[in-house]
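Trainee: I'd like to ask some things about the structure below.
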Amino acid sequence: MANPTPETPISHDPSARSQRRQRRRLFAYLSRREIVRINRLLRREFVGGLIIMIAALVGFIAANSPIADWFLGLREFKIGPEALGLHMSVSHWASDGLLAIFFFMVGLELKREFVEGDLRSPRTAIVPVAAAVGGVVFPAAIYLAVNAGTDTAHGWAIPTATDIAFAVAVLGLIAPRINPALRMFLLTLAVVDDFIAIAIIAIFYTDGVNLMPLLIAVAPALAFALLMRWKGEWFAQSKWGAWLILLPLGIVTWALFYNSGIHATIAGVVLAFLVPVRGKAGGEVAETLNSRFHPLSAFIAVPIFALFAAGVSLGGASRFPFDPIAIGIMLGLVIGKPLGITLTTWLLTRFTRATLGSSVRWREVIGVGALAGVGFTVAMLVSELSFTNESDIDTGRLSVMVASLLAVAVAAAVLMPGQRKRANQPITQANLVAD
């Protein structure tokens, strides 16, 4: 009887489907657990974004109304102990003091993403990180091209930032049915974008460093870190522990950073990075603190900053809209952001073994990229840090506000037509989980 087994193995065509390496889908890597967490986070940011919009609108109206003199006087009113180097205007307290709380929240989210989130794995981090870098390089290059050879070129970083809360709130309004993976992409991209902005502020917007206050700041920061390592879960759950023990240490660290010459908001990021993601017993620490103190940031600190930052008088010192500062910022945010993000994402699909998820369209990627041009909070802060002339600062602020509104209009024009089709094509879990 003949042996049914062939003596030589059957060769396979290298081009056969079974022999090809499976291509990785971009925007298709969310697990069920991550979807639940992100949806909770997006709802939280949505409410915060709406409050920021209202505060900014109130500030702008106040600066262009009969109470303008009172409002601008309040913004410039100085308060604080002069002996400690903290005698600052109200608007200065808002940008250097209250925004430190916002940066602390950003730092907590970054820490979690680096340790347990999508940024811990190159496989899931490559897309938002590369897109964020593209979304920083292109706007900066456009601004520098417009302002080349002038003193205003120092404002190149203004159009590089994305406002997380603002962008998420707008996305929820104009595209509520968009693929959840794209929402996650925008959120992660904005977090990475903020990390880049933090690095830019620390490196390029520090005039000089006074080492003595910085060295002294090590003591309260170290005490903060040791307490969080020792009793992190207790501080995360305690109703009063964080307020009575950790907050004073944070304030002292912040004041010493401010007097060292490094922008004081960096202290918030440093303290956030000292918070463990999980405690000794495995309980969540960073996530719990983020949830507990998010209202302080989103409902108080950032809206107060937005109130005063958006208080720009149209009849004041601003040279908007034909000044190179205004042109560079608006072109950077409205054109540079979506161009950099979309082109970088396309290059990943062109030159790597990656493709878009089956339920994601390039139109939606472009729309999300356009929405990243909403650069309100951090862009406003960088405007203040970039210039010393009041007319330049006002021009920068007004340009950021107008450019953010234009970015929303572009994103709405791109995303909203596809929302009716989405209503009849529900997204399945198979399109969201990694292959």
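In the structure tokens, each chain is lettered A, B, ... as it comes, each chain's residues begin at 1, and ligands are numbered from 1 in order of appearance.
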Just the residues within 9 Å of Arg112 in chain A, please, counting only C-alpha atoms, with nothing from its chain fewer than 6 positions along; format it as a short mmCIF file (atom, residue, chain, number, x, y, z; two decimals) with all heavy atoms, in the first residue's frame.
Mentor:
```
data_model
loop_
_atom_site.label_atom_id
_atom_site.label_comp_id
_atom_site.auth_asym_id
_atom_site.auth_seq_id
_atom_site.Cartn_x
_atom_site.Cartn_y
_atom_site.Cartn_z
N LEU A 119 0.46 54.54 26.56
CA LEU A 119 1.80 55.03 26.29
C LEU A 119 2.88 54.11 26.83
O LEU A 119 4.06 54.35 26.60
CB LEU A 119 1.96 56.44 26.87
CG LEU A 119 1.04 57.52 26.29
CD1 LEU A 119 1.34 58.86 26.91
CD2 LEU A 119 1.18 57.59 24.79
N ARG A 120 2.51 53.07 27.56
CA ARG A 120 3.53 52.16 28.09
C ARG A 120 4.02 51.18 27.03
O ARG A 120 5.08 50.59 27.17
CB ARG A 120 2.99 51.39 29.29
CG ARG A 120 2.10 50.20 28.95
CD ARG A 120 1.53 49.55 30.20
NE ARG A 120 0.87 48.29 29.90
CZ ARG A 120 -0.37 48.17 29.45
NH1 ARG A 120 -1.07 49.26 29.23
NH2 ARG A 120 -0.89 46.99 29.20
N PRO A 276 2.47 57.58 43.06
CA PRO A 276 2.45 56.23 42.47
C PRO A 276 1.11 55.95 41.81
O PRO A 276 0.07 56.43 42.26
CB PRO A 276 2.67 55.32 43.68
CG PRO A 276 2.16 56.09 44.84
CD PRO A 276 2.47 57.54 44.53
N VAL A 277 1.15 55.18 40.74
CA VAL A 277 -0.10 54.81 40.07
C VAL A 277 -0.93 53.90 40.98
O VAL A 277 -2.14 54.04 41.07
CB VAL A 277 0.19 54.12 38.72
CG1 VAL A 277 -1.10 53.59 38.10
CG2 VAL A 277 0.87 55.11 37.77
N ALA A 286 -3.12 57.30 41.70
CA ALA A 286 -3.13 58.42 40.76
C ALA A 286 -4.52 58.65 40.17
O ALA A 286 -5.00 59.79 40.10
CB ALA A 286 -2.11 58.18 39.65
N GLU A 287 -5.19 57.57 39.77
CA GLU A 287 -6.52 57.70 39.16
C GLU A 287 -7.53 58.24 40.17
O GLU A 287 -8.38 59.08 39.84
CB GLU A 287 -6.97 56.34 38.63
CG GLU A 287 -8.33 56.34 37.97
CD GLU A 287 -8.29 56.87 36.55
OE1 GLU A 287 -7.18 57.11 36.03
OE2 GLU A 287 -9.37 57.05 35.96
#
```
Trainee: Using only C-alpha atoms, what table do you get, as a tab-separated table, when you list each residue of range 278-376 of chain A with an atom no more than 9 Å from range 178-184 of chain A, its nearest pair of atoms, and their distance in Å rounded to one decimal, rows by chain then rising number?
Mentor:
```
residue	atom	partner	partner_atom	distance
A:Ser359	CA	A:Asn179	CA	7.4
A:Val360	CA	A:Asn179	CA	6.9
A:Glu364	CA	A:Ile178	CA	8.0
A:Val365	CA	A:Leu182	CA	7.6
A:Val368	CA	A:Leu182	CA	7.6
```
Trainee: Filtering to C-alpha atoms, could you give me those residues as a JSON list (two decimals), in the first residue's frame?
Mentor:
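part_35.json written:
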```json
[["chain", "number", "residue", "atom", "x", "y", "z"],
["A", 359, "SER", "CA", -14.81, 51.48, 11.01],
["A", 360, "VAL", "CA", -12.53, 54.56, 10.79],
["A", 364, "GLU", "CA", -12.69, 61.49, 10.59],
["A", 365, "VAL", "CA", -8.92, 61.51, 11.14],
["A", 368, "VAL", "CA", -10.01, 65.08, 14.75]]
```
Trainee: With a distance cut-off of 7 Å and only C-alpha atoms, select the neighbouring residues of Glu45 in chain A, excluding the residue or stretch itself and same-chain residues fewer than 4 positions from it, and output the selection as a list in words.
Mentor: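 Neighbouring residues, sequence-local ones excluded: Leu41, Gly49, Ala165, Val168 and Ala169 of chain A.
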Trainee: When you count only C-alpha atoms, which of these residues is closest to Leu186 in chain A: A:Gly369, A:Pro248, A:Gly282, A:Gly107?
Mentor: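 Smallest distance to Leu186 in chain A is found for A:Gly369.
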Trainee: Which residue, A:Ile54, A:Val137, A:Ile203, A:Ala281, has the smallest gap to Arg229 in chain A when you use only C-alpha atoms?
Mentor: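 So, comparing all the options, the nearest one is A:Ala281.
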Trainee: Using only C-alpha atoms, which protein or nucleic acid residues come within 6 Å of Ala100 in chain A? Drop anything in the same chain fewer than 2 positions from it, and give the result as number ranges by chain.
Mentor: A: 97-98, 102-103, 265, 268
Trainee: What does the structure give for the distance between CA of Gly279 in chain A and CA of Leu222 in chain A, in Å to one decimal?
Mentor: 17.1 Å
Trainee: Return the single residue from A:Gly232, A:Ser399, A:Thr253, A:Asp323 that is closest to Gly283 in chain A, with distances computed using only C-alpha atoms.
Mentor: A:Gly232
Trainee: Quick one: residues within 7 Å of range 145-157 of chain A, only C-alpha atoms counted, chain neighbours fewer than 3 positions away excluded, as a ChimeraX atom specification?
Mentor: /A:140-142,160,324-325,328,382-383,386
Trainee: Tell me, as a VMD selection string, which residues lie within 8 Å of Asp392 in chain A, counting only C-alpha atoms; anything in the same chain fewer than 5 positions away does not count.
Mentor: chain A and resid 318 to 319 325 387
Trainee: Using only C-alpha atoms, please write the residues we just selected to a file, as an mmCIF file, in the first residue's frame.
Mentor:
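This went into result_13.cif:
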```cif
data_model
loop_
_atom_site.group_PDB
_atom_site.id
_atom_site.type_symbol
_atom_site.label_atom_id
_atom_site.label_comp_id
_atom_site.auth_asym_id
_atom_site.auth_seq_id
_atom_site.Cartn_x
_atom_site.Cartn_y
_atom_site.Cartn_z
ATOM 1 C CA SER A 318 -4.142 94.359 20.051
ATOM 2 C CA ARG A 319 -2.957 94.478 16.413
ATOM 3 C CA ILE A 325 1.797 87.140 15.318
ATOM 4 C CA PHE A 387 6.092 88.398 24.926
#
```
Trainee: Could you pull out the strand (DSSP E or B) residues of range 29-104 of chain A from DSSP and send them as a PDB file with N, CA, C and O atoms, in the first residue's frame?
Mentor:
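Written output follows (result00.pdb):
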```pdb
ATOM      1  N   LYS A  78      -2.842  93.723  42.581  1.00  0.00           N
ATOM      2  CA  LYS A  78      -1.780  92.881  43.130  1.00  0.00           C
ATOM      3  C   LYS A  78      -2.087  92.489  44.573  1.00  0.00           C
ATOM      4  O   LYS A  78      -2.590  93.282  45.361  1.00  0.00           O
ATOM      5  N   ILE A  79      -1.746  91.242  44.862  1.00  0.00           N
ATOM      6  CA  ILE A  79      -1.995  90.689  46.184  1.00  0.00           C
ATOM      7  C   ILE A  79      -0.930  89.630  46.468  1.00  0.00           C
ATOM      8  O   ILE A  79      -0.384  89.015  45.548  1.00  0.00           O
ATOM      9  N   MET A  88       1.832  89.379  43.442  1.00  0.00           N
ATOM     10  CA  MET A  88       1.514  89.282  42.023  1.00  0.00           C
ATOM     11  C   MET A  88       0.117  89.796  41.741  1.00  0.00           C
ATOM     12  O   MET A  88      -0.723  89.892  42.641  1.00  0.00           O
ATOM     13  N   SER A  89      -0.126  90.083  40.474  1.00  0.00           N
ATOM     14  CA  SER A  89      -1.467  90.499  40.055  1.00  0.00           C
ATOM     15  C   SER A  89      -2.401  89.293  40.086  1.00  0.00           C
ATOM     16  O   SER A  89      -1.959  88.133  40.097  1.00  0.00           O
TER      17      SER A  89
END
```
Trainee: Separation of CA of Val133 in chain A and CA of Ser121 in chain A, in Å?
Mentor: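 For CA of Val133 in chain A relative to CA of Ser121 in chain A, the distance reads 17.2 Å.
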Trainee: If I take CA of Val209 in chain A and CA of Gly85 in chain A, how far is one from the other in Å, to one decimal?
Mentor: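 Interatomic distance here is 14.9 Å.
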Trainee: Which residue out of A:Ile266, A:Ile61, A:Gly48, A:Leu398 has the minimum interatomic distance to Tyr205 in chain A when only C-alpha atoms are used?
Mentor: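 Checking each of A:Ile266, A:Ile61, A:Gly48, A:Leu398 against Tyr205 in chain A, counting only C-alpha atoms, the winner is A:Ile266.
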Trainee: Return the single residue from A:Ala161, A:Val400, A:Ala264, A:Leu307 that is closest to Leu74 in chain A, with distances computed using only C-alpha atoms.
Mentor: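 Under the stated criterion, the closest residue is A:Leu307.
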Trainee: Have a look at A:Gly80, A:Gly336, A:Gly375, A:Gly311 and name the one nearest to Val58 in chain A; count only C-alpha atoms.
Mentor: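 Between A:Gly80, A:Gly336, A:Gly375, A:Gly311, the residue approaching Val58 in chain A most closely is A:Gly311.
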Trainee: Which residues are near Ala242 in chain A? Cut-off 10 Å, only C-alpha atoms, ignore same chain within fewer than 6 positions. Put them as a list of chain:residue names.
Mentor: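 Counting only the stated atoms, we get A:Met228, A:Gly232, A:Trp234, A:Phe235, A:Ala236, A:Pro248, A:Leu249, A:Leu289.
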Trainee: Write a file of the selected residues as a PDB file, in the first residue's frame, keeping N, CA and C atoms.
Mentor:
```
ATOM      1  N   MET A 228       3.559  59.689  49.861  1.00  0.00           N
ATOM      2  CA  MET A 228       2.729  59.031  48.855  1.00  0.00           C
ATOM      3  C   MET A 228       3.119  57.566  48.695  1.00  0.00           C
ATOM      4  N   GLY A 232       0.000  56.088  50.187  1.00  0.00           N
ATOM      5  CA  GLY A 232      -0.662  56.630  49.001  1.00  0.00           C
ATOM      6  C   GLY A 232      -2.139  56.336  48.939  1.00  0.00           C
ATOM      7  N   TRP A 234      -4.162  55.653  51.393  1.00  0.00           N
ATOM      8  CA  TRP A 234      -4.876  56.367  52.451  1.00  0.00           C
ATOM      9  C   TRP A 234      -5.111  57.821  52.054  1.00  0.00           C
ATOM     10  N   PHE A 235      -4.086  58.472  51.509  1.00  0.00           N
ATOM     11  CA  PHE A 235      -4.246  59.862  51.063  1.00  0.00           C
ATOM     12  C   PHE A 235      -5.267  59.969  49.939  1.00  0.00           C
ATOM     13  N   ALA A 236      -5.308  58.963  49.062  1.00  0.00           N
ATOM     14  CA  ALA A 236      -6.253  58.995  47.948  1.00  0.00           C
ATOM     15  C   ALA A 236      -7.694  58.900  48.436  1.00  0.00           C
ATOM     16  N   PRO A 248      -0.187  71.590  51.785  1.00  0.00           N
ATOM     17  CA  PRO A 248       0.861  72.514  52.236  1.00  0.00           C
ATOM     18  C   PRO A 248       2.235  72.202  51.639  1.00  0.00           C
ATOM     19  N   LEU A 249       2.567  70.912  51.542  1.00  0.00           N
ATOM     20  CA  LEU A 249       3.849  70.550  50.924  1.00  0.00           C
ATOM     21  C   LEU A 249       3.874  70.982  49.455  1.00  0.00           C
ATOM     22  N   LEU A 289      -6.894  60.126  42.918  1.00  0.00           N
ATOM     23  CA  LEU A 289      -6.604  61.536  43.169  1.00  0.00           C
ATOM     24  C   LEU A 289      -7.061  62.403  42.000  1.00  0.00           C
TER      25      LEU A 289
END
```
